[in-house]
file final_23.txt (compact mmCIF, C-alpha atoms)
# COMPACT_ATOMS: atom_id res chain seq x y z
CA MET A 1 -32.28 -38.34 19.11
CA LEU A 2 -29.14 -39.68 20.78
CA SER A 3 -26.86 -41.86 18.72
CA PRO A 4 -27.05 -45.61 19.48
CA ARG A 5 -23.62 -45.47 21.11
CA ARG A 6 -24.99 -43.16 23.79
CA TRP A 7 -28.04 -45.22 24.68
CA GLY A 8 -28.42 -45.95 28.39
CA LEU A 9 -28.58 -49.66 27.53
CA TRP A 10 -24.82 -49.80 27.03
CA THR A 11 -24.14 -48.43 30.52
CA LEU A 12 -25.60 -51.55 32.13
CA PRO A 13 -23.31 -54.13 33.76
CA ARG A 14 -22.18 -56.84 31.34
CA PRO A 15 -24.24 -59.70 32.92
CA VAL A 16 -27.41 -57.57 32.74
CA LEU A 17 -26.70 -56.51 29.16
CA ARG A 18 -26.07 -60.10 28.03
CA TYR A 19 -29.27 -61.25 29.72
CA ILE A 20 -31.36 -58.52 28.06
CA LEU A 21 -29.90 -59.17 24.60
CA ALA A 22 -30.41 -62.93 25.01
CA ILE A 23 -34.10 -62.52 25.87
CA GLU A 24 -34.61 -60.13 22.97
CA ALA A 25 -32.82 -62.46 20.53
CA LEU A 26 -34.96 -65.42 21.66
CA THR A 27 -38.07 -63.27 21.19
CA VAL A 28 -37.10 -62.41 17.60
CA LEU A 29 -36.36 -66.08 16.79
CA ALA A 30 -39.67 -67.22 18.27
CA ALA A 31 -41.55 -64.54 16.32
CA VAL A 32 -39.91 -65.52 13.03
CA ALA A 33 -40.57 -69.23 13.58
CA LEU A 34 -44.26 -68.70 14.35
CA ILE A 35 -44.85 -66.15 11.57
CA LEU A 36 -43.38 -68.55 9.00
CA THR A 37 -45.95 -71.17 10.01
CA ASP A 38 -48.91 -68.75 10.05
CA ALA A 39 -52.07 -69.54 8.16
CA PRO A 40 -53.33 -66.79 5.83
CA ALA A 41 -55.32 -64.06 7.58
CA THR A 42 -59.08 -64.09 7.07
CA SER A 43 -61.57 -61.24 7.10
CA MET A 44 -62.66 -62.40 10.56
CA ASP A 45 -59.06 -62.11 11.79
CA TRP A 46 -59.02 -58.47 10.69
CA ARG A 47 -62.27 -57.79 12.49
CA VAL A 48 -61.00 -59.44 15.67
CA LEU A 49 -57.73 -57.46 15.46
CA GLY A 50 -59.65 -54.20 15.09
CA ALA A 51 -61.94 -55.05 18.00
CA LEU A 52 -59.01 -55.96 20.27
CA VAL A 53 -57.03 -52.83 19.41
CA GLY A 54 -60.11 -50.65 19.92
CA ALA A 55 -60.94 -52.33 23.24
CA THR A 56 -57.34 -51.99 24.41
CA SER A 57 -57.33 -48.25 23.65
CA LEU A 58 -60.64 -47.75 25.45
CA HIS A 59 -59.47 -49.79 28.45
CA LEU A 60 -56.25 -47.75 28.69
CA TRP A 61 -58.12 -44.47 28.47
CA ILE A 62 -60.57 -45.45 31.23
CA SER A 63 -58.01 -47.08 33.55
CA ARG A 64 -55.03 -44.79 33.03
CA ARG A 65 -55.12 -43.13 36.46
CA THR A 66 -55.77 -46.40 38.26
CA GLU A 67 -52.85 -47.99 36.44
CA GLU A 68 -50.55 -45.09 37.35
CA THR A 69 -51.50 -45.43 41.01
CA ARG A 70 -50.83 -49.18 41.02
CA ARG A 71 -47.50 -48.71 39.28
CA ASP A 72 -46.31 -45.96 41.66
CA SER A 73 -47.27 -47.90 44.80
CA GLY A 74 -45.59 -51.11 43.77
CA THR A 75 -42.15 -52.18 45.04
CA GLY A 76 -41.27 -54.81 42.53
CA PRO A 77 -42.07 -55.98 39.01
CA HIS A 78 -45.37 -54.69 37.74
CA MET A 79 -47.85 -56.60 35.57
CA ASP A 80 -50.21 -54.35 33.67
CA THR A 81 -53.88 -55.23 33.86
CA THR A 82 -54.06 -54.57 30.11
CA THR A 83 -52.35 -57.94 29.56
CA VAL A 84 -55.91 -59.26 29.72
CA TRP A 85 -55.97 -58.56 25.96
CA VAL A 86 -52.86 -60.63 25.22
CA LEU A 87 -54.47 -64.06 25.57
CA PRO A 88 -57.35 -63.43 23.09
CA ALA A 89 -54.84 -62.21 20.48
CA MET A 90 -52.58 -65.23 20.95
CA VAL A 91 -55.47 -67.71 20.88
CA LEU A 92 -57.41 -66.32 17.93
CA LEU A 93 -55.03 -64.47 15.57
CA PRO A 94 -52.09 -65.33 13.31
CA ALA A 95 -48.75 -64.64 15.01
CA TRP A 96 -47.98 -61.46 13.08
CA MET A 97 -51.37 -59.99 13.93
CA ALA A 98 -50.99 -60.96 17.59
CA ILE A 99 -47.58 -59.25 17.65
CA ILE A 100 -49.05 -56.09 16.14
CA SER A 101 -51.78 -56.13 18.79
CA LEU A 102 -49.22 -56.44 21.59
CA VAL A 103 -46.92 -53.74 20.16
CA LEU A 104 -49.82 -51.29 19.81
CA LEU A 105 -50.86 -52.05 23.40
CA ARG A 106 -47.37 -51.38 24.72
CA ALA A 107 -46.96 -48.23 22.63
CA GLN A 108 -50.12 -46.75 24.15
CA LEU A 109 -49.04 -47.76 27.65
CA TYR A 110 -45.59 -46.14 27.39
CA PRO A 111 -46.66 -42.64 28.57
CA VAL A 112 -48.04 -44.20 31.76
CA ALA A 113 -44.94 -46.29 32.42
CA ARG A 114 -42.45 -43.41 32.87
CA ARG A 115 -39.49 -45.68 32.17
CA PRO A 116 -36.39 -45.18 30.00
CA LEU A 117 -37.06 -46.44 26.48
CA TYR A 118 -34.51 -49.27 26.63
CA ARG A 119 -36.06 -50.60 29.86
CA TYR A 120 -39.56 -50.37 28.45
CA THR A 121 -38.43 -52.06 25.24
CA PHE A 122 -37.06 -54.98 27.24
CA GLY A 123 -40.32 -55.22 29.19
CA THR A 124 -42.17 -55.33 25.88
CA MET A 125 -39.87 -58.02 24.49
CA ALA A 126 -40.18 -60.09 27.68
CA ALA A 127 -43.98 -59.89 27.49
CA MET A 128 -43.85 -60.78 23.78
CA PHE A 129 -41.56 -63.76 24.45
CA ALA A 130 -43.98 -65.10 27.06
CA ALA A 131 -46.94 -64.41 24.77
CA LEU A 132 -45.34 -66.23 21.81
CA ILE A 133 -44.71 -69.28 23.96
CA GLU A 134 -48.36 -69.06 24.97
CA LEU A 135 -49.33 -68.85 21.28
CA ALA A 136 -47.21 -71.89 20.45
CA ILE A 137 -48.88 -73.92 23.19
CA VAL A 138 -52.34 -73.03 21.90
CA ARG A 139 -51.40 -73.58 18.25
CA TYR A 140 -49.73 -76.96 18.68
CA SER A 141 -52.42 -78.24 21.04
CA GLY A 142 -54.81 -78.09 18.09
CA ILE A 143 -57.71 -76.56 20.01
CA ASP A 144 -60.26 -74.32 18.29
CA VAL A 145 -62.37 -72.52 20.88
CA ALA A 146 -64.55 -71.00 18.16
CA SER A 147 -65.93 -74.41 17.19
CA ALA A 148 -65.62 -76.47 20.38
CA PHE A 149 -65.19 -75.79 24.07
CA GLY A 150 -64.74 -78.57 26.60
CA ALA A 151 -62.44 -79.76 29.36
CA ARG A 152 -59.44 -80.02 27.00
CA GLU A 153 -59.84 -76.43 25.80
CA VAL A 154 -60.18 -75.22 29.39
CA LEU A 155 -56.99 -77.00 30.44
CA VAL A 156 -55.03 -75.71 27.44
CA LEU A 157 -56.15 -72.11 28.00
CA ALA A 158 -55.40 -72.33 31.72
CA GLY A 159 -51.99 -73.87 31.05
CA ALA A 160 -51.16 -71.29 28.39
CA GLY A 161 -52.13 -68.45 30.72
CA LEU A 162 -50.03 -69.91 33.53
CA VAL A 163 -47.03 -70.29 31.22
CA PHE A 164 -47.38 -66.65 30.11
CA PHE A 165 -47.41 -65.47 33.73
CA VAL A 166 -44.44 -67.63 34.80
CA VAL A 167 -42.23 -66.91 31.76
CA ASN A 168 -42.87 -63.17 31.95
CA ALA A 169 -42.18 -63.15 35.71
CA ILE A 170 -38.91 -65.07 35.24
CA ALA A 171 -37.75 -62.78 32.43
CA ILE A 172 -38.43 -59.57 34.36
CA GLY A 173 -37.36 -60.99 37.72
CA GLY A 174 -34.08 -62.18 36.22
CA VAL A 175 -33.01 -58.72 35.08
CA ILE A 176 -34.04 -57.22 38.43
CA ALA A 177 -32.01 -59.83 40.32
CA LEU A 178 -28.96 -59.24 38.14
CA SER A 179 -29.10 -55.45 38.37
CA THR A 180 -29.94 -55.09 42.07
CA PRO A 181 -27.01 -55.18 44.55
CA GLN A 182 -29.03 -56.94 47.28
CA PRO A 183 -32.22 -58.31 45.69
CA THR A 184 -35.07 -59.49 47.87
CA TRP A 185 -38.00 -61.71 46.96
CA LEU A 186 -40.27 -58.66 47.06
CA THR A 187 -38.17 -56.72 44.55
CA VAL A 188 -37.73 -59.76 42.26
CA ILE A 189 -41.19 -61.36 42.22
CA GLY A 190 -43.32 -58.39 43.29
CA SER A 191 -45.93 -57.89 45.96
CA GLY A 192 -48.76 -60.27 46.73
CA ARG A 193 -51.20 -57.62 45.51
CA ASP A 194 -49.58 -57.38 42.07
CA ASN A 195 -49.30 -61.15 41.71
CA ALA A 196 -52.94 -61.60 42.70
CA MET A 197 -53.89 -58.95 40.15
CA ALA A 198 -51.80 -60.76 37.53
CA ALA A 199 -53.54 -64.08 38.24
CA MET A 200 -56.94 -62.41 37.96
CA THR A 201 -55.86 -60.78 34.69
CA VAL A 202 -54.88 -64.16 33.22
CA CYS A 203 -58.29 -65.61 34.17
CA LEU A 204 -60.08 -62.63 32.64
CA GLY A 205 -57.95 -63.03 29.52
CA SER A 206 -59.21 -66.59 29.09
CA MET A 207 -62.80 -65.40 29.49
CA ALA A 208 -62.20 -62.62 26.96
CA ALA A 209 -60.74 -65.11 24.47
CA LEU A 210 -63.87 -67.24 24.69
CA ALA A 211 -66.13 -64.21 24.31
CA VAL A 212 -64.25 -62.93 21.26
CA ALA A 213 -64.24 -66.40 19.68
CA HIS A 214 -68.03 -66.37 19.57
CA ALA A 215 -68.69 -62.64 19.08
CA TRP A 216 -65.93 -60.50 17.64
CA LEU A 217 -67.41 -57.29 19.09
CA ALA A 218 -67.43 -58.79 22.60
CA PRO A 219 -64.26 -56.88 23.73
CA LEU A 220 -66.11 -53.58 23.59
CA PHE A 221 -68.61 -54.93 26.13
CA VAL A 222 -65.90 -56.50 28.30
CA VAL A 223 -64.01 -53.21 28.79
CA PRO A 224 -66.43 -51.60 31.31
CA LEU A 225 -66.39 -54.77 33.43
CA LEU A 226 -62.59 -54.84 33.41
CA ALA A 227 -62.32 -51.17 34.31
CA VAL A 228 -64.73 -51.57 37.23
CA LEU A 229 -62.94 -54.67 38.51
CA ASP A 230 -59.57 -52.95 38.16
CA TRP A 231 -60.72 -49.88 40.06
CA GLY A 232 -62.60 -51.91 42.66
CA ALA A 233 -59.62 -54.15 43.42
CA LEU A 234 -57.39 -51.11 43.89
CA GLN A 235 -59.88 -49.41 46.21
CA ILE A 236 -60.31 -52.52 48.34
CA GLU A 237 -56.55 -52.94 48.64
CA ASN A 238 -56.09 -49.27 49.48
CA LEU A 239 -58.85 -49.36 52.09
CA LYS A 240 -57.28 -52.41 53.73
CA GLY A 241 -53.89 -50.77 53.74
CA ASP A 242 -55.10 -47.29 54.72
CA ALA A 243 -56.81 -48.63 57.83
CA ARG A 244 -53.52 -49.23 59.65
CA THR A 245 -50.73 -49.27 57.06
CA ASP A 246 -48.93 -46.61 55.04
CA HIS A 247 -49.17 -47.84 51.43
CA LYS A 248 -45.85 -46.31 50.32
CA THR A 249 -43.61 -47.86 52.98
CA GLN A 250 -45.77 -50.71 54.31
CA LEU A 251 -45.11 -49.40 57.83
CA LEU A 252 -47.87 -48.56 60.29
CA ASN A 253 -49.63 -45.28 59.58
CA SER A 254 -50.53 -42.80 62.33
CA ARG A 255 -53.70 -44.67 63.28
CA GLY A 256 -52.04 -48.09 63.34
CA TRP A 257 -49.01 -46.77 65.23
CA HIS A 258 -51.14 -45.11 67.93
CA GLU A 259 -53.26 -48.24 68.36
CA GLN A 260 -50.25 -50.51 68.85
CA THR A 261 -48.37 -47.96 70.92
CA GLY A 262 -51.40 -47.61 73.20
CA ARG A 263 -51.23 -51.33 73.95
CA GLU A 264 -47.50 -51.07 74.71
CA PHE A 265 -48.09 -48.12 77.08
CA ALA A 266 -50.75 -50.12 78.91
CA ARG A 267 -48.33 -53.02 79.31
CA ALA A 268 -45.56 -50.66 80.50
CA ARG A 269 -47.89 -49.23 83.16
CA ARG A 270 -48.67 -52.72 84.43
CA GLN A 271 -45.03 -53.79 84.48
CA HIS A 272 -43.53 -50.41 85.50
CA SER A 273 -41.02 -50.63 82.66
CA THR A 274 -39.27 -47.80 80.82
CA LEU A 275 -40.10 -46.90 77.24
CA SER A 276 -38.84 -44.45 74.63
CA VAL A 277 -40.14 -42.64 71.58
CA ALA A 278 -38.04 -41.55 68.60
CA VAL A 279 -39.09 -39.10 65.90
CA ILE A 280 -37.12 -39.34 62.62
CA ASP A 281 -37.17 -36.48 60.13
CA LEU A 282 -35.42 -36.80 56.76
CA ASP A 283 -33.12 -33.88 56.03
CA HIS A 284 -33.80 -31.77 52.93
CA PHE A 285 -36.32 -34.28 51.62
CA LYS A 286 -38.09 -31.63 49.54
CA GLN A 287 -34.94 -31.41 47.40
CA VAL A 288 -35.48 -35.01 46.27
CA ASN A 289 -38.97 -34.26 44.94
CA ASP A 290 -37.89 -30.95 43.41
CA THR A 291 -34.80 -32.43 41.73
CA TRP A 292 -35.96 -35.86 40.55
CA GLY A 293 -39.75 -35.86 40.95
CA HIS A 294 -42.25 -37.44 43.32
CA PRO A 295 -41.73 -41.06 42.13
CA ALA A 296 -38.08 -40.70 43.17
CA GLY A 297 -39.21 -39.28 46.51
CA ASP A 298 -41.50 -42.27 46.98
CA ALA A 299 -38.58 -44.60 46.23
CA VAL A 300 -36.54 -42.88 48.98
CA LEU A 301 -39.43 -43.24 51.43
CA ARG A 302 -39.70 -46.95 50.64
CA ALA A 303 -35.96 -47.34 51.16
CA VAL A 304 -36.18 -45.59 54.55
CA GLY A 305 -39.00 -47.96 55.47
CA ALA A 306 -36.74 -50.90 54.60
CA VAL A 307 -33.92 -49.41 56.72
CA LEU A 308 -36.26 -49.06 59.68
CA ARG A 309 -37.38 -52.67 59.40
CA GLU A 310 -33.76 -53.85 59.23
CA THR A 311 -32.29 -51.69 62.02
CA THR A 312 -35.01 -51.80 64.65
CA ARG A 313 -35.64 -54.68 67.03
CA GLN A 314 -38.43 -57.20 67.28
CA GLY A 315 -41.13 -55.56 69.35
CA ASP A 316 -40.30 -51.99 68.34
CA VAL A 317 -43.33 -50.20 66.89
CA VAL A 318 -42.39 -48.50 63.61
CA GLY A 319 -44.60 -46.04 61.75
CA ARG A 320 -44.79 -43.19 59.28
CA PHE A 321 -46.82 -40.13 60.20
CA GLY A 322 -46.72 -38.64 56.71
CA GLY A 323 -44.35 -36.60 54.58
CA GLU A 324 -40.78 -37.29 55.64
CA GLU A 325 -41.55 -38.00 59.32
CA PHE A 326 -41.24 -41.47 60.86
CA VAL A 327 -41.75 -42.56 64.47
CA LEU A 328 -40.56 -45.38 66.70
CA MET A 329 -41.90 -46.60 70.01
CA LEU A 330 -39.25 -48.61 71.84
CA PRO A 331 -40.67 -50.72 74.70
CA ASP A 332 -38.49 -51.67 77.68
CA THR A 333 -35.89 -49.16 76.48
CA ASP A 334 -34.18 -46.33 78.37
CA ALA A 335 -32.62 -43.25 76.78
CA GLU A 336 -29.16 -44.79 76.38
CA GLN A 337 -30.52 -47.89 74.65
CA ALA A 338 -32.79 -45.74 72.47
CA VAL A 339 -29.78 -43.72 71.30
CA ARG A 340 -28.09 -46.92 70.12
CA VAL A 341 -31.18 -47.93 68.12
CA ALA A 342 -31.50 -44.43 66.67
CA GLU A 343 -27.82 -44.41 65.69
CA ARG A 344 -28.33 -47.62 63.71
CA VAL A 345 -31.25 -45.99 61.93
CA ARG A 346 -29.31 -42.78 61.24
CA GLN A 347 -26.36 -44.71 59.85
CA GLY A 348 -28.64 -46.94 57.76
CA VAL A 349 -30.26 -43.90 56.14
CA ALA A 350 -26.84 -42.34 55.44
CA GLU A 351 -25.69 -45.54 53.70
CA MET A 352 -28.74 -45.84 51.40
CA HIS A 353 -28.27 -46.05 47.63
CA VAL A 354 -31.73 -45.75 46.12
CA ALA A 355 -32.30 -46.69 42.49
CA ALA A 356 -35.05 -44.51 41.01
CA THR A 357 -36.02 -42.57 37.90
CA ASP A 358 -35.96 -38.82 37.34
CA LYS A 359 -38.68 -36.60 35.88
CA ARG A 360 -37.79 -37.79 32.37
CA GLY A 361 -37.80 -41.46 33.27
CA GLN A 362 -34.01 -41.76 33.25
CA PRO A 363 -32.39 -43.95 35.93
CA VAL A 364 -30.76 -42.18 38.88
CA LEU A 365 -29.01 -43.40 42.02
CA ILE A 366 -29.90 -41.31 45.06
CA SER A 367 -27.45 -41.39 47.95
CA ASN A 368 -26.01 -39.18 50.71
CA ARG A 369 -29.39 -38.73 52.38
CA THR A 370 -29.43 -38.02 56.10
CA ALA A 371 -31.89 -37.92 58.97
CA SER A 372 -32.26 -35.97 62.20
CA ILE A 373 -33.61 -38.00 65.11
CA GLY A 374 -35.06 -36.91 68.44
CA ILE A 375 -35.56 -39.20 71.43
CA ALA A 376 -37.63 -38.95 74.60
CA SER A 377 -37.83 -41.58 77.35
CA GLY A 378 -39.91 -42.04 80.46
CA PRO A 379 -41.14 -44.51 83.08
CA GLY A 380 -44.04 -46.55 81.84
CA ALA A 381 -46.01 -46.04 85.03
CA THR A 382 -46.38 -42.29 84.47
CA ALA A 383 -45.29 -41.63 80.84
CA ASP A 384 -47.71 -39.81 78.55
CA LEU A 385 -47.45 -40.50 74.82
CA ASP A 386 -48.32 -36.99 73.67
CA GLU A 387 -45.78 -35.49 76.06
CA LEU A 388 -43.05 -37.87 74.86
CA LEU A 389 -43.84 -37.05 71.22
CA ARG A 390 -43.62 -33.31 71.95
CA SER A 391 -40.29 -33.80 73.70
CA ALA A 392 -38.94 -35.94 70.84
CA ASP A 393 -40.14 -33.32 68.32
CA ALA A 394 -38.28 -30.64 70.26
CA ALA A 395 -35.16 -32.82 70.19
CA VAL A 396 -35.49 -33.16 66.40
CA TYR A 397 -35.69 -29.36 66.17
CA GLU A 398 -32.44 -29.14 68.13
CA ALA A 399 -30.81 -31.72 65.85
CA LYS A 400 -31.85 -29.72 62.77
CA HIS A 401 -30.40 -26.51 64.16
CA GLY A 402 -27.32 -28.30 65.38
CA GLY A 403 -26.24 -29.36 61.89
CA ARG A 404 -28.60 -32.24 61.00
CA ASN A 405 -27.61 -35.90 60.53
CA GLN A 406 -27.51 -36.52 64.28
CA VAL A 407 -29.41 -37.99 67.20
CA ARG A 408 -30.56 -35.74 70.05
CA SER A 409 -32.11 -36.87 73.29
CA ALA A 410 -34.66 -34.71 75.10
CA GLU A 411 -32.66 -35.36 78.27
CA SER A 412 -29.53 -33.69 76.88
CA SER A 413 -28.74 -30.89 74.43
CA ILE A 414 -25.44 -32.56 73.44
CA PRO A 415 -25.66 -34.31 70.03
CA HIS A 416 -24.86 -38.01 70.01
CA HIS A 417 -23.49 -37.60 66.50
CA ALA A 418 -22.47 -34.54 64.55
CA GLU A 419 -21.37 -34.47 60.95

call {"tool": "encode", "arguments": {"input": "final_23.txt", "output": "structure tokens"}}
result
Amino acid sequence: MLSPRRWGLWTLPRPVLRYILAIEALTVLAAVALILTDAPATSMDWRVLGALVGATSLHLWISRRTEETRRDSGTGPHMDTTTVWVLPAMVLLPAWMAIISLVLLRAQLYPVARRPLYRYTFGTMAAMFAALIELAIVRYSGIDVASAFGAREVLVLAGAGLVFFVVNAIAIGGVIALSTPQPTWLTVIGSGRDNAMAAMTVCLGSMAALAVAHAWLAPLFVVPLLAVLDWGALQIENLKGDARTDHKTQLLNSRGWHEQTGREFARARRQHSTLSVAVIDLDHFKQVNDTWGHPAGDAVLRAVGAVLRETTRQGDVVGRFGGEEFVLMLPDTDAEQAVRVAERVRQGVAEMHVAATDKRGQPVLISNRTASIGIASGPGATADLDELLRSADAAVYEAKHGGRNQVRSAESSIPHHAE
């Protein structure tokens, strides 16, 4: 065990460190204040706690692989579907029991998270802070869902769930914004898929709280439903994305790229315009996976996708064929113009600084990555896509053998950039 002075926490920038310590201090104060006002635990409270802990463990065991897939494909903050068990604990149990329930949940989830301990601890404290505020709302509203359930109880539960979601999102989003050099809304607030899943989880948490209030063994019967819904939502999202979109980079996949490129070729034939194709191959990409692990490789691929969106032009068709190969179709673009676009892409990749985690979950910053790019151009009236792709692939091969990190055009064997 490393000494506290060597914890990764202390290497964080001062604003990030102060923010983390402030959230954790507020969480401790809120926990103490609520525990001091707890009513004595009853035998029913112990039964509910046991049922919730058992249901949480079963849910995690069933949904582990699904949860890992969702976590790895996300680009921003991640809300675990297991938070469905937070609301019943906060509504029905004394504060100290609810805290135990949440801590046990997070402890079981840690092997799936693959995050440094200090980061995971902050995530746990942020979730606990939001949950304790939720508990305070329920407690001081005076509702008792076990004895009465009407419009007031519905509104309080809905409001408490919304507060949990918002406070947790602000706490996590704040540390991401402070620690990211150029934060975007996607990295700070997360994807629409994750936020939709979070909203569904809050609703299911309210339903679970009502079920547990009237039958303390209800969680064990709710677990299969949750697991099926969790898996089904992921499959639907993946099927929607897999149809035309690469789920790692959110660029077009091979099918989507060919469909859109086919329309552009048809337009070029009608208008007799020139078009170009660029094939982009990341240099030594296997080293990233071998050195830091596949999650780090996925982070690099997402960063390359972001570079392509930023450096290409409106109307350019951008896709990922798989592995480390990306493709561009550049309408109304001759070879000289295509080289300028490709140079922007090559330079953007070379300037990337990708924050990721290694095989042990420790933070790493991956930089000095390069790409070799091949270009082929032709008149739209007679150009053939397969022929242009073959020519661009051959140009990439020349760039690789010419020293990498350069752009080669199929019309010339002279590199447009050499390291």

call {"tool": "residues_around", "arguments": {"input": "final_23.txt", "residues": "Asn405 (chain A)", "least_positions_apart": "5", "cutoff": "9 Å", "atoms": "only C-alpha atoms", "output": "JSON, numbers by chain"}}
result
{"A": [282, 283, 346, 347, 350, 369, 370, 371, 372, 373, 399, 400, 417, 418, 419]}

call {"tool": "atom_distance", "arguments": {"input": "final_23.txt", "atom1": "CA of His401 (chain A)", "atom2": "CA of Ile280 (chain A)"}}
result
14.6 Å

call {"tool": "residues_around", "arguments": {"input": "final_23.txt", "residues": "Leu36 (chain A)", "least_positions_apart": "3", "cutoff": "10 Å", "atoms": "all atoms listed in the file", "output": "JSON, numbers by chain"}}
result
{"A": [31, 32, 33, 39, 95, 96]}

call {"tool": "atom_distance", "arguments": {"input": "final_23.txt", "atom1": "CA of Pro94 (chain A)", "atom2": "CA of Leu132 (chain A)"}}
result
10.9 Å

call {"tool": "atom_distance", "arguments": {"input": "final_23.txt", "atom1": "CA of Gly150 (chain A)", "atom2": "CA of Gly50 (chain A)"}}
result
27.4 Å
